[in-house]
Every structure is written in C-alpha cells, then in structure tokens.
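Here's my_file.pdb, which has PDB, C-alpha atoms:
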```
ATOM      1  CA  MET V   1     114.122  76.793  97.303
ATOM      2  CA  ALA V   2     113.392  73.685  95.250
ATOM      3  CA  LEU V   3     109.909  73.390  96.754
ATOM      4  CA  THR V   4     109.276  77.093  96.239
ATOM      5  CA  PHE V   5     110.363  76.842  92.615
ATOM      6  CA  LEU V   6     108.147  73.804  92.106
ATOM      7  CA  GLY V   7     105.194  75.691  93.606
ATOM      8  CA  LEU V   8     105.975  78.659  91.361
ATOM      9  CA  THR V   9     105.910  76.504  88.230
ATOM     10  CA  CYS V  10     102.666  74.851  89.361
ATOM     11  CA  VAL V  11     100.874  78.140  90.052
ATOM     12  CA  THR V  12     102.188  79.758  86.870
ATOM     13  CA  PHE V  13     101.102  76.794  84.748
ATOM     14  CA  PHE V  14      97.567  76.663  86.104
ATOM     15  CA  ILE V  15      97.148  80.437  85.912
ATOM     16  CA  GLY V  16      98.068  80.090  82.253
ATOM     17  CA  ARG V  17      95.320  77.541  81.836
ATOM     18  CA  VAL V  18      92.568  79.645  83.434
ATOM     19  CA  ILE V  19      93.450  82.895  81.622
ATOM     20  CA  PRO V  20      90.753  83.466  78.960
ATOM     21  CA  ILE V  21      93.305  83.316  76.144
ATOM     22  CA  ASP V  22      93.402  80.544  73.575
ATOM     23  CA  PRO V  23      97.099  79.974  72.805
ATOM     24  CA  VAL V  24      96.250  77.974  69.690
ATOM     25  CA  LEU V  25      94.096  80.782  68.328
ATOM     26  CA  ALA V  26      96.850  83.270  69.066
ATOM     27  CA  ILE V  27      99.199  81.207  66.894
ATOM     28  CA  VAL V  28      96.967  80.307  63.936
ATOM     29  CA  GLY V  29      94.777  83.424  63.859
ATOM     30  CA  ASP V  30      91.015  83.888  63.676
ATOM     31  CA  LYS V  31      90.646  82.778  60.071
ATOM     32  CA  ALA V  32      92.433  79.425  60.336
ATOM     33  CA  SER V  33      90.551  76.264  59.448
ATOM     34  CA  ILE V  34      89.462  73.679  62.004
ATOM     35  CA  GLU V  35      92.042  71.245  60.623
ATOM     36  CA  THR V  36      94.854  73.739  61.125
ATOM     37  CA  TYR V  37      93.579  74.584  64.588
ATOM     38  CA  ASN V  38      93.491  70.933  65.668
ATOM     39  CA  ARG V  39      96.901  70.193  64.151
ATOM     40  CA  VAL V  40      98.571  73.056  66.028
ATOM     41  CA  LYS V  41      96.770  72.065  69.223
ATOM     42  CA  ILE V  42      98.266  68.584  68.974
ATOM     43  CA  GLU V  43     101.713  69.947  68.106
ATOM     44  CA  ILE V  44     101.897  72.099  71.248
ATOM     45  CA  GLY V  45     100.468  69.328  73.423
ATOM     46  CA  LEU V  46      97.187  70.909  74.484
ATOM     47  CA  ASP V  47      95.320  67.742  73.575
ATOM     48  CA  GLN V  48      97.017  65.921  76.463
ATOM     49  CA  PRO V  49      95.627  65.659  80.048
ATOM     50  CA  ILE V  50      96.485  68.542  82.383
ATOM     51  CA  PRO V  51      99.018  66.534  84.490
ATOM     52  CA  VAL V  52     100.865  65.506  81.317
ATOM     53  CA  GLN V  53     100.870  69.110  80.098
ATOM     54  CA  TYR V  54     102.284  70.285  83.420
ATOM     55  CA  TRP V  55     105.015  67.646  83.385
ATOM     56  CA  ARG V  56     106.052  68.693  79.895
ATOM     57  CA  PHE V  57     105.912  72.363  80.937
ATOM     58  CA  LEU V  58     108.133  71.663  83.980
ATOM     59  CA  GLY V  59     110.656  69.769  81.883
ATOM     60  CA  LYS V  60     110.926  72.615  79.373
ATOM     61  CA  VAL V  61     111.198  75.262  82.106
ATOM     62  CA  MET V  62     114.076  73.358  83.715
ATOM     63  CA  GLN V  63     115.857  73.626  80.357
ATOM     64  CA  GLY V  64     115.062  77.325  80.000
ATOM     65  CA  ASP V  65     112.573  76.650  77.228
ATOM     66  CA  PHE V  66     109.455  78.837  77.467
ATOM     67  CA  GLY V  67     108.478  78.308  73.854
ATOM     68  CA  ASN V  68     108.432  80.911  71.089
ATOM     69  CA  SER V  69     106.839  84.340  71.259
ATOM     70  CA  VAL V  70     103.888  84.902  68.960
ATOM     71  CA  ILE V  71     104.846  88.571  68.520
ATOM     72  CA  THR V  72     108.574  88.270  67.799
ATOM     73  CA  ALA V  73     108.700  84.629  66.585
ATOM     74  CA  ARG V  74     111.845  84.225  68.677
ATOM     75  CA  PRO V  75     112.379  82.030  71.752
ATOM     76  CA  VAL V  76     110.858  83.706  74.807
ATOM     77  CA  LEU V  77     114.078  83.245  76.793
ATOM     78  CA  GLU V  78     115.965  85.195  74.127
ATOM     79  CA  ASP V  79     113.429  88.014  74.364
ATOM     80  CA  LEU V  80     113.597  88.037  78.163
ATOM     81  CA  LEU V  81     117.385  88.257  78.147
ATOM     82  CA  ARG V  82     117.106  91.172  75.734
ATOM     83  CA  VAL V  83     114.548  93.244  77.663
ATOM     84  CA  PHE V  84     115.321  92.334  81.281
ATOM     85  CA  PRO V  85     118.527  94.436  81.609
ATOM     86  CA  ALA V  86     116.503  97.591  80.890
ATOM     87  CA  THR V  87     114.181  96.775  83.787
ATOM     88  CA  ILE V  88     117.133  95.964  86.055
ATOM     89  CA  GLU V  89     118.734  99.314  85.219
ATOM     90  CA  LEU V  90     115.515 101.197  85.940
ATOM     91  CA  SER V  91     114.866  99.279  89.179
ATOM     92  CA  MET V  92     118.449  99.596  90.432
ATOM     93  CA  PHE V  93     118.419 103.384  90.131
ATOM     94  CA  ALA V  94     114.998 103.468  91.812
ATOM     95  CA  LEU V  95     116.258 101.232  94.617
ATOM     96  CA  ILE V  96     119.278 103.459  95.187
ATOM     97  CA  ILE V  97     116.981 106.464  95.533
ATOM     98  CA  GLY V  98     114.687 104.566  97.893
ATOM     99  CA  VAL V  99     117.465 103.252 100.128
ATOM    100  CA  VAL V 100     119.716 106.320 100.222
ATOM    101  CA  LEU V 101     116.809 108.609 101.126
ATOM    102  CA  GLY V 102     114.354 106.203 102.760
ATOM    103  CA  ILE V 103     116.582 104.861 105.548
ATOM    104  CA  PRO V 104     117.735 108.291 106.847
ATOM    105  CA  LEU V 105     114.176 109.639 106.646
ATOM    106  CA  GLY V 106     112.899 106.621 108.586
ATOM    107  CA  VAL V 107     115.527 107.147 111.290
ATOM    108  CA  ILE V 108     114.703 110.856 111.540
ATOM    109  CA  ALA V 109     110.999 110.074 111.814
ATOM    110  CA  ALA V 110     111.628 107.553 114.597
ATOM    111  CA  THR V 111     113.878 109.860 116.616
ATOM    112  CA  HIS V 112     111.347 112.710 116.280
ATOM    113  CA  ARG V 113     108.247 110.645 116.917
ATOM    114  CA  GLY V 114     105.103 112.773 117.099
ATOM    115  CA  ARG V 115     106.904 115.974 116.082
ATOM    116  CA  TRP V 116     106.549 117.879 112.832
ATOM    117  CA  GLN V 117     109.481 116.029 111.219
ATOM    118  CA  ASP V 118     107.757 112.720 111.852
ATOM    119  CA  GLN V 119     104.429 114.021 110.573
ATOM    120  CA  VAL V 120     105.937 115.387 107.350
ATOM    121  CA  ILE V 121     107.842 112.167 106.598
ATOM    122  CA  ARG V 122     104.828 109.983 107.371
ATOM    123  CA  PHE V 123     102.605 112.167 105.193
ATOM    124  CA  GLY V 124     105.095 111.988 102.320
ATOM    125  CA  SER V 125     105.292 108.204 102.703
ATOM    126  CA  LEU V 126     101.511 107.957 102.700
ATOM    127  CA  LEU V 127     101.362 109.939  99.469
ATOM    128  CA  GLY V 128     103.905 107.630  97.903
ATOM    129  CA  TYR V 129     101.778 104.651  98.883
ATOM    130  CA  SER V 130      98.497 106.187  97.770
ATOM    131  CA  MET V 131      99.139 107.856  94.416
ATOM    132  CA  PRO V 132      98.950 105.582  91.341
ATOM    133  CA  VAL V 133     102.300 105.221  89.633
ATOM    134  CA  PHE V 134     100.857 105.804  86.155
ATOM    135  CA  TRP V 135      99.351 109.110  87.325
ATOM    136  CA  LEU V 136     102.673 110.198  88.836
ATOM    137  CA  GLY V 137     104.406 109.276  85.600
ATOM    138  CA  LEU V 138     102.007 111.293  83.459
ATOM    139  CA  VAL V 139     102.254 114.312  85.759
ATOM    140  CA  GLY V 140     106.047 114.005  85.779
ATOM    141  CA  LEU V 141     106.165 113.932  81.974
ATOM    142  CA  LEU V 142     103.868 116.930  81.740
ATOM    143  CA  ALA V 143     105.788 118.989  84.293
ATOM    144  CA  PHE V 144     109.463 118.091  83.843
ATOM    145  CA  TYR V 145     109.538 117.109  80.163
ATOM    146  CA  ALA V 146     106.753 118.974  78.344
ATOM    147  CA  LYS V 147     106.706 122.205  80.397
ATOM    148  CA  LEU V 148     110.139 122.636  81.986
ATOM    149  CA  GLY V 149     112.267 120.556  79.620
ATOM    150  CA  TRP V 150     114.561 119.402  82.436
ATOM    151  CA  VAL V 151     114.642 115.760  81.338
ATOM    152  CA  GLU V 152     114.257 113.751  78.165
ATOM    153  CA  GLY V 153     110.927 112.178  77.297
ATOM    154  CA  PRO V 154     109.761 108.591  76.848
ATOM    155  CA  GLY V 155     112.095 105.869  75.685
ATOM    156  CA  ARG V 156     115.541 104.772  76.735
ATOM    157  CA  LEU V 157     117.504 106.892  74.278
ATOM    158  CA  ASP V 158     116.868 109.547  71.652
ATOM    159  CA  VAL V 159     116.292 108.036  68.228
ATOM    160  CA  GLY V 160     119.594 109.388  66.949
ATOM    161  CA  PHE V 161     121.543 107.385  69.555
ATOM    162  CA  ASP V 162     119.963 103.997  68.861
ATOM    163  CA  ASP V 163     122.396 101.146  68.082
ATOM    164  CA  ILE V 164     125.464 103.370  68.466
ATOM    165  CA  VAL V 165     126.768 101.610  71.582
ATOM    166  CA  PRO V 166     127.289  97.822  71.295
ATOM    167  CA  THR V 167     125.457  95.709  73.868
ATOM    168  CA  VAL V 168     127.767  94.238  76.508
ATOM    169  CA  THR V 169     125.792  94.152  79.754
ATOM    170  CA  GLY V 170     122.451  95.398  78.448
ATOM    171  CA  LEU V 171     122.641  98.319  80.890
ATOM    172  CA  MET V 172     122.806 101.405  78.698
ATOM    173  CA  THR V 173     124.623 103.568  81.241
ATOM    174  CA  VAL V 174     127.268 100.887  81.797
ATOM    175  CA  ASP V 175     127.668  99.982  78.121
ATOM    176  CA  SER V 176     128.107 103.633  77.136
ATOM    177  CA  LEU V 177     130.803 104.044  79.787
ATOM    178  CA  ILE V 178     132.553 100.879  78.570
ATOM    179  CA  GLU V 179     132.463 102.268  75.038
ATOM    180  CA  GLY V 180     133.623 105.668  76.309
ATOM    181  CA  ASP V 181     130.731 107.511  74.694
ATOM    182  CA  SER V 182     129.825 110.285  77.137
ATOM    183  CA  GLU V 183     127.125 111.712  74.868
ATOM    184  CA  VAL V 184     125.151 108.458  74.884
ATOM    185  CA  PHE V 185     125.754 108.095  78.623
ATOM    186  CA  TRP V 186     124.287 111.469  79.543
ATOM    187  CA  ASN V 187     121.404 111.013  77.126
ATOM    188  CA  SER V 188     120.550 107.670  78.757
ATOM    189  CA  VAL V 189     120.813 109.229  82.230
ATOM    190  CA  SER V 190     118.485 112.041  81.179
ATOM    191  CA  HIS V 191     115.924 109.475  80.013
ATOM    192  CA  LEU V 192     116.427 107.431  83.181
ATOM    193  CA  VAL V 193     116.057 110.200  85.758
ATOM    194  CA  LEU V 194     112.297 110.698  85.662
ATOM    195  CA  PRO V 195     111.017 107.079  85.573
ATOM    196  CA  SER V 196     113.557 105.951  88.170
ATOM    197  CA  SER V 197     112.586 108.869  90.414
ATOM    198  CA  ILE V 198     108.907 107.924  90.155
ATOM    199  CA  LEU V 199     109.670 104.312  91.089
ATOM    200  CA  GLY V 200     112.225 105.491  93.644
ATOM    201  CA  TYR V 201     109.595 107.576  95.406
ATOM    202  CA  LEU V 202     107.401 104.503  95.808
ATOM    203  CA  SER V 203     110.282 102.446  97.224
ATOM    204  CA  LEU V 204     111.332 105.384  99.428
ATOM    205  CA  ALA V 205     107.867 105.481 100.971
ATOM    206  CA  TYR V 206     108.012 101.786 101.861
ATOM    207  CA  VAL V 207     111.623 101.777 103.098
ATOM    208  CA  ALA V 208     111.077 104.907 105.220
ATOM    209  CA  ARG V 209     107.979 103.471 106.894
ATOM    210  CA  MET V 210     109.630 100.144 107.639
ATOM    211  CA  THR V 211     112.813 101.807 108.922
ATOM    212  CA  ARG V 212     110.756 104.004 111.231
ATOM    213  CA  SER V 213     108.920 100.972 112.579
ATOM    214  CA  PHE V 214     112.135  98.993 113.172
ATOM    215  CA  MET V 215     113.878 101.950 114.818
ATOM    216  CA  LEU V 216     110.978 102.636 117.176
ATOM    217  CA  GLY V 217     111.300  99.078 118.415
ATOM    218  CA  GLN V 218     115.040  99.458 118.982
ATOM    219  CA  LEU V 219     114.830 102.841 120.693
ATOM    220  CA  LYS V 220     112.647 101.270 123.393
ATOM    221  CA  GLN V 221     115.307  98.701 124.308
ATOM    222  CA  GLU V 222     117.190  98.931 127.577
ATOM    223  CA  TYR V 223     120.624  99.008 125.926
ATOM    224  CA  ILE V 224     119.765 102.408 124.450
ATOM    225  CA  LEU V 225     119.355 103.891 127.929
ATOM    226  CA  ALA V 226     122.501 102.093 129.059
ATOM    227  CA  THR V 227     124.643 103.493 126.258
ATOM    228  CA  LEU V 228     123.289 106.991 126.837
ATOM    229  CA  ALA V 229     124.006 106.648 130.557
ATOM    230  CA  LYS V 230     127.602 105.715 129.742
ATOM    231  CA  GLY V 231     128.037 109.054 128.013
ATOM    232  CA  LEU V 232     127.812 108.084 124.334
ATOM    233  CA  SER V 233     126.472 110.803 122.092
ATOM    234  CA  PRO V 234     122.831 110.460 120.998
ATOM    235  CA  PHE V 235     123.988 110.588 117.371
ATOM    236  CA  ARG V 236     126.252 107.552 117.826
ATOM    237  CA  VAL V 237     123.626 105.672 119.807
ATOM    238  CA  VAL V 238     120.982 106.170 117.112
ATOM    239  CA  TRP V 239     122.981 105.943 113.891
ATOM    240  CA  VAL V 240     125.500 103.285 114.937
ATOM    241  CA  HIS V 241     124.017 101.096 117.659
ATOM    242  CA  ALA V 242     120.255 101.270 117.049
ATOM    243  CA  LEU V 243     120.488 101.397 113.242
ATOM    244  CA  GLY V 244     123.100  98.646 113.271
ATOM    245  CA  ASN V 245     120.666  96.326 115.043
ATOM    246  CA  VAL V 246     117.925  96.724 112.425
ATOM    247  CA  TRP V 247     120.088  96.027 109.387
ATOM    248  CA  VAL V 248     119.078  92.361 109.290
ATOM    249  CA  GLN V 249     115.439  93.379 108.907
ATOM    250  CA  LEU V 250     116.352  96.126 106.449
ATOM    251  CA  VAL V 251     118.268  93.695 104.235
ATOM    252  CA  THR V 252     115.077  91.670 103.798
ATOM    253  CA  VAL V 253     113.042  94.830 103.166
ATOM    254  CA  ILE V 254     115.530  96.070 100.548
ATOM    255  CA  ALA V 255     115.599  92.697  98.778
ATOM    256  CA  LEU V 256     111.809  92.481  98.627
ATOM    257  CA  THR V 257     111.619  96.115  97.553
ATOM    258  CA  PHE V 258     113.894  95.391  94.607
ATOM    259  CA  GLY V 259     111.714  92.434  93.664
ATOM    260  CA  SER V 260     108.573  94.546  93.855
ATOM    261  CA  LEU V 261     110.208  97.198  91.661
ATOM    262  CA  LEU V 262     110.885  94.591  88.993
ATOM    263  CA  GLU V 263     107.302  93.410  89.275
ATOM    264  CA  GLY V 264     105.747  96.861  89.511
ATOM    265  CA  ALA V 265     107.623  98.369  86.575
ATOM    266  CA  VAL V 266     104.835  97.392  84.168
ATOM    267  CA  LEU V 267     102.867 100.638  84.483
ATOM    268  CA  THR V 268     105.968 102.818  84.675
ATOM    269  CA  GLU V 269     107.492 101.235  81.586
ATOM    270  CA  THR V 270     104.186 101.578  79.757
ATOM    271  CA  VAL V 271     103.887 105.294  80.555
ATOM    272  CA  PHE V 272     107.516 106.022  79.672
ATOM    273  CA  ALA V 273     107.728 103.567  76.729
ATOM    274  CA  TRP V 274     110.672 101.974  78.517
ATOM    275  CA  PRO V 275     111.695  98.832  76.572
ATOM    276  CA  GLY V 276     111.917  96.508  79.554
ATOM    277  CA  LEU V 277     110.252  93.424  80.947
ATOM    278  CA  GLY V 278     107.101  95.240  82.062
ATOM    279  CA  LEU V 279     106.365  96.712  78.638
ATOM    280  CA  TYR V 280     107.190  93.374  77.018
ATOM    281  CA  MET V 281     104.736  91.496  79.249
ATOM    282  CA  LYS V 282     102.017  94.122  78.745
ATOM    283  CA  ASN V 283     102.309  93.912  74.971
ATOM    284  CA  SER V 284     102.395  90.132  75.168
ATOM    285  CA  LEU V 285      99.247  90.002  77.270
ATOM    286  CA  PHE V 286      97.354  92.346  74.967
ATOM    287  CA  ASN V 287      98.392  90.228  71.981
ATOM    288  CA  ALA V 288      97.470  86.906  73.625
ATOM    289  CA  ASP V 289     101.138  85.821  73.653
ATOM    290  CA  LEU V 290     100.759  83.355  76.517
ATOM    291  CA  ASN V 291     104.280  81.899  76.293
ATOM    292  CA  ALA V 292     105.812  85.334  76.774
ATOM    293  CA  VAL V 293     103.483  86.181  79.675
ATOM    294  CA  LEU V 294     104.240  82.942  81.500
ATOM    295  CA  GLY V 295     107.955  83.272  80.786
ATOM    296  CA  GLY V 296     108.045  86.781  82.232
ATOM    297  CA  THR V 297     106.049  85.660  85.260
ATOM    298  CA  MET V 298     108.462  82.795  85.870
ATOM    299  CA  LEU V 299     111.422  85.155  85.569
ATOM    300  CA  VAL V 300     110.038  87.556  88.192
ATOM    301  CA  GLY V 301     109.276  84.617  90.489
ATOM    302  CA  VAL V 302     112.793  83.203  90.131
ATOM    303  CA  VAL V 303     114.227  86.658  90.899
ATOM    304  CA  TYR V 304     112.151  86.787  94.099
ATOM    305  CA  ILE V 305     113.485  83.375  95.137
ATOM    306  CA  GLY V 306     117.042  84.471  94.386
ATOM    307  CA  LEU V 307     116.645  87.710  96.333
ATOM    308  CA  ASN V 308     115.389  85.836  99.395
ATOM    309  CA  MET V 309     118.394  83.521  99.214
ATOM    310  CA  LEU V 310     120.738  86.495  98.773
ATOM    311  CA  SER V 311     119.268  88.243 101.817
ATOM    312  CA  ASP V 312     119.846  85.080 103.873
ATOM    313  CA  LEU V 313     123.466  84.972 102.731
ATOM    314  CA  LEU V 314     123.948  88.644 103.648
ATOM    315  CA  TYR V 315     122.710  88.232 107.234
ATOM    316  CA  PRO V 316     126.122  87.190 108.626
ATOM    317  CA  LEU V 317     127.695  90.307 107.123
ATOM    318  CA  VAL V 318     125.400  92.648 109.043
ATOM    319  CA  ASP V 319     124.735  90.615 112.203
ATOM    320  CA  PRO V 320     127.660  89.159 114.212
ATOM    321  CA  ARG V 321     125.244  86.815 116.013
ATOM    322  CA  ALA V 322     124.420  85.114 112.717
ATOM    323  CA  ARG V 323     128.141  84.507 112.121
ATOM    324  CA  GLU V 324     128.493  82.946 115.551
ATOM    325  CA  GLN V 325     125.525  80.625 114.936
ATOM    326  CA  ARG V 326     127.060  79.442 111.677
TER     327      ARG V 326
END
```

Would you mind writing the structure in this file as structure tokens?
Amino acid sequence: MALTFLGLTCVTFFIGRVIPIDPVLAIVGDKASIETYNRVKIEIGLDQPIPVQYWRFLGKVMQGDFGNSVITARPVLEDLLRVFPATIELSMFALIIGVVLGIPLGVIAATHRGRWQDQVIRFGSLLGYSMPVFWLGLVGLLAFYAKLGWVEGPGRLDVGFDDIVPTVTGLMTVDSLIEGDSEVFWNSVSHLVLPSSILGYLSLAYVARMTRSFMLGQLKQEYILATLAKGLSPFRVVWVHALGNVWVQLVTVIALTFGSLLEGAVLTETVFAWPGLGLYMKNSLFNADLNAVLGGTMLVGVVYIGLNMLSDLLYPLVDPRAREQR
C-alpha cells in the first residue's frame, strides 16, 4: 500500500506538471505584472527543480495539505470533505442497485446460457456499457422529470429545503433522518432516485456480466454434478454452493465498481447539478484550479487503495479457505 500510494503521488504530481494550465496565472490573473507573477511563482515553489517540487508536494500531501482552492479561497481538503459525502451518497445508492439486481441477473443468465433469458440480460448489459452516461441522464431528466414529473429535477434538494437540516454526516438522507425531518428526507430521496438509477444501471451491467462469467466457470466444476447426484435441489446447488464459491471474486468486483462510481460520477453530477466531488473537479478544471484537481485525483486514488485493502480483509468472511490459511 505504501508503494502504491507513493506511485499515486508521483503520477499525480507529474500529470499536474504536464497539464497545460499555469497555476501561477490562475492565481494572479491575466492582467498581473511580471513582478507579481514571479513573486507568486517563488512563493509556491515553482522556481525550484522538479525533484524538489515533488518532495515538497509529497510532504504536504502526507499532512493532508493540498493547498488552497483558487475558486473558493479555502483549503482544498476542506472543500473535499464538504463535497465528497454527496458523491458517496450518490455512489452508495447506485452500488446497491447494481449489486441487488446485477448479481441475481448474472446468475439467471449463467443458468440459462444461450436461452432467451441469457440473451435479454446480456443485451441489457451491453446497452448499459455502450450508452454514454450523460446521454442517459439527459433522457432521464426529459422523460421522468420534465414530461412525467415522477422525480425531482437537478440538485440535491429543492431550494426551499437548503440549510434546514444541520450537517452531521454529510449524507442528506441520513442527516434528515437524524434530525427527524421526513419532508427533507423524501425530497432528498426524490432528487437522488434518478441520478443513482442512471449510475446504478451502469454498475448493474458490469456486475451482471462478471457474475455470469464467474458462475459459468463454477457450473462446469465436478462438484456441481456431485451435489446434484446426491439429490440436492438445483436451486440450492446454484444459489448456495455455486454462488457461494464466487463471492471472493465478487467482493473484488463490487469494491472496484464502487471506486469506478466515485470516479465516473463527474458526468452524472454535471448533468444533474449534483454538488459532489465530480462537479467540484469539473469546475476546478475549467477554472484552472490545479490544486483542487490534484487534490480530488489524490482522494479518488486513496479511495481505490482503501477499497482494495478492504476487499482483502473481507475475503476470510466469504471464503473459509482464506480463514484456514490465516
């Protein structure tokens, strides 16, 4: 993990140096004098050699210091802690949709290989992989918000509900329940349904395809024939024995899916004006706020590292052989 984190900081730092954005110009503006430009360049250390700049960058990152945002004038870490819970909330609901529906659909597709059930599920998964998320979001807004009025529109809450519920966890659905405000809770759910369903469809497509692949491998094993020969019901053989043996692989898939949802929420949050990490990084990039972009990139990378570690720790819970080895 330490080596991975070190590699992450190295790649992030050098990507920041090759991006065609002048961080000094973003701070001082286009009309600043040469003297001001050079003074700010020295203050932020860009006059130093690249290895020295990286060492200083690494030291600050280890302390949680990503610098100040040009847009908000606040520390980037403070901004990230403010916007990240919204992305977590959106991604968690999307992951629940993807896992709860994707795993059963993958099992059904595997047990009906080549039949119409398999073809329908594979076609639906292919659509989820192929259609751009921003297009799905726009179509969803047009159909379910503008035409049918089934859900609320862009944003996390209606304007009238802003700042009513105090921030405890940063998750609006949880904070509204803690406060006991059912009106804010249902309004936040109504805003959350459509964007989380769009992201959930994408994760469902991936989880269903991977589950189908894992299950096809298990259904070819000799123990499947043995358990059927002993008189166990096909339902128990498939949903208990075969599915139980692919959970280790599925844990990794689910963890990486959650990471990709956090990473891939940029377009969804932009379409739905969702005030999360993706929208924050998009605005930062368009406004040449390099500190915020690099800080958000580091955060997503650290989350990926943490999810991989978490999946390793969960292996013994789903695989008795892993417990025996430990």

With 6 Å added on each side, what axis-aligned box encloses every listed atom of range 101-110 of chain V? Give the centre and edge lengths in Å to one decimal, as AutoDock Vina command-line options.
```
--center_x 114.4 --center_y 107.9 --center_z 107.9 --size_x 18.7 --size_y 18.0 --size_z 25.5
```

Worksheet, complete the sentence: Restricting to all atoms listed in the file, whichever of V:Arg156, V:Ile224, V:Pro23, V:Val28 is closest to Ser284 in chain V is V:Pro23

Discussion item. As an exercise, work out the distance from CA of Pro154 in chain V to CA of Ala86 in chain V in Å and give it to one decimal place.
Written reply: 13.5 Å

Sort by chain and increasing residue number a table of all residues of range 185-255 of chain V within 9 Å of range 105-124 of chain V, each with its closest pair of atoms and their distance in Å to one decimal, counting all atoms listed in the file, and write it as JSON lines.
```
{"residue": "V:Leu204", "atom": "CA", "partner": "V:Leu105", "partner_atom": "CA", "distance": 8.8}
{"residue": "V:Ala205", "atom": "CA", "partner": "V:Gly124", "partner_atom": "CA", "distance": 7.2}
{"residue": "V:Val207", "atom": "CA", "partner": "V:Gly106", "partner_atom": "CA", "distance": 7.4}
{"residue": "V:Ala208", "atom": "CA", "partner": "V:Gly106", "partner_atom": "CA", "distance": 4.2}
{"residue": "V:Arg209", "atom": "CA", "partner": "V:Gly106", "partner_atom": "CA", "distance": 6.1}
{"residue": "V:Met210", "atom": "CA", "partner": "V:Gly106", "partner_atom": "CA", "distance": 7.3}
{"residue": "V:Thr211", "atom": "CA", "partner": "V:Gly106", "partner_atom": "CA", "distance": 4.8}
{"residue": "V:Arg212", "atom": "CA", "partner": "V:Gly106", "partner_atom": "CA", "distance": 4.3}
{"residue": "V:Ser213", "atom": "CA", "partner": "V:Ala110", "partner_atom": "CA", "distance": 7.4}
{"residue": "V:Phe214", "atom": "CA", "partner": "V:Ala110", "partner_atom": "CA", "distance": 8.7}
{"residue": "V:Met215", "atom": "CA", "partner": "V:Ala110", "partner_atom": "CA", "distance": 6.0}
{"residue": "V:Leu216", "atom": "CA", "partner": "V:Ala110", "partner_atom": "CA", "distance": 5.6}
{"residue": "V:Leu219", "atom": "CA", "partner": "V:Thr111", "partner_atom": "CA", "distance": 8.2}
{"residue": "V:Val238", "atom": "CA", "partner": "V:Thr111", "partner_atom": "CA", "distance": 8.0}
{"residue": "V:Trp239", "atom": "CA", "partner": "V:Val107", "partner_atom": "CA", "distance": 8.0}
{"residue": "V:Leu243", "atom": "CA", "partner": "V:Val107", "partner_atom": "CA", "distance": 7.8}
```

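Straight-line separation from CA of Gly170 in chain V to CA of Pro85 in chain V: 5.1 Å.
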
Item to complete: Choose the residue, out of V:Val184, V:Ala94, V:Val83, V:Val133, that has the smallest atom-to-atom separation from Trp274 in chain V; count all atoms listed in the file.
Response: V:Val83

Please fill the gaps in range 296-307 of chain V so it has N, CA, C and O atoms, and write that as a short mmCIF file (atom, residue, chain, number, x, y, z; two decimals), in the coordinates of the input.
```
data_model
loop_
_atom_site.label_atom_id
_atom_site.label_comp_id
_atom_site.auth_asym_id
_atom_site.auth_seq_id
_atom_site.Cartn_x
_atom_site.Cartn_y
_atom_site.Cartn_z
N GLY V 296 107.74 85.60 81.41
CA GLY V 296 108.04 86.78 82.23
C GLY V 296 107.64 86.58 83.68
O GLY V 296 108.36 87.00 84.60
N THR V 297 106.49 85.94 83.90
CA THR V 297 106.05 85.66 85.26
C THR V 297 107.02 84.74 85.98
O THR V 297 107.36 84.95 87.15
N MET V 298 107.49 83.71 85.29
CA MET V 298 108.46 82.80 85.87
C MET V 298 109.76 83.52 86.21
O MET V 298 110.37 83.28 87.27
N LEU V 299 110.18 84.43 85.33
CA LEU V 299 111.42 85.16 85.57
C LEU V 299 111.32 86.00 86.83
O LEU V 299 112.24 86.01 87.66
N VAL V 300 110.22 86.73 86.99
CA VAL V 300 110.04 87.56 88.19
C VAL V 300 110.00 86.68 89.44
O VAL V 300 110.60 87.01 90.47
N GLY V 301 109.33 85.53 89.35
CA GLY V 301 109.28 84.62 90.49
C GLY V 301 110.64 84.08 90.87
O GLY V 301 110.99 84.00 92.05
N VAL V 302 111.44 83.70 89.86
CA VAL V 302 112.79 83.20 90.13
C VAL V 302 113.65 84.30 90.76
O VAL V 302 114.47 84.03 91.66
N VAL V 303 113.48 85.53 90.31
CA VAL V 303 114.23 86.66 90.90
C VAL V 303 113.86 86.82 92.37
O VAL V 303 114.74 87.03 93.22
N TYR V 304 112.57 86.70 92.70
CA TYR V 304 112.15 86.79 94.10
C TYR V 304 112.82 85.70 94.93
O TYR V 304 113.31 85.95 96.04
N ILE V 305 112.84 84.48 94.41
CA ILE V 305 113.48 83.38 95.14
C ILE V 305 114.97 83.67 95.34
O ILE V 305 115.53 83.47 96.42
N GLY V 306 115.62 84.15 94.28
CA GLY V 306 117.04 84.47 94.39
C GLY V 306 117.33 85.59 95.37
O GLY V 306 118.31 85.55 96.11
N LEU V 307 116.45 86.60 95.40
CA LEU V 307 116.64 87.71 96.33
C LEU V 307 116.48 87.26 97.77
O LEU V 307 117.21 87.73 98.67
#
```
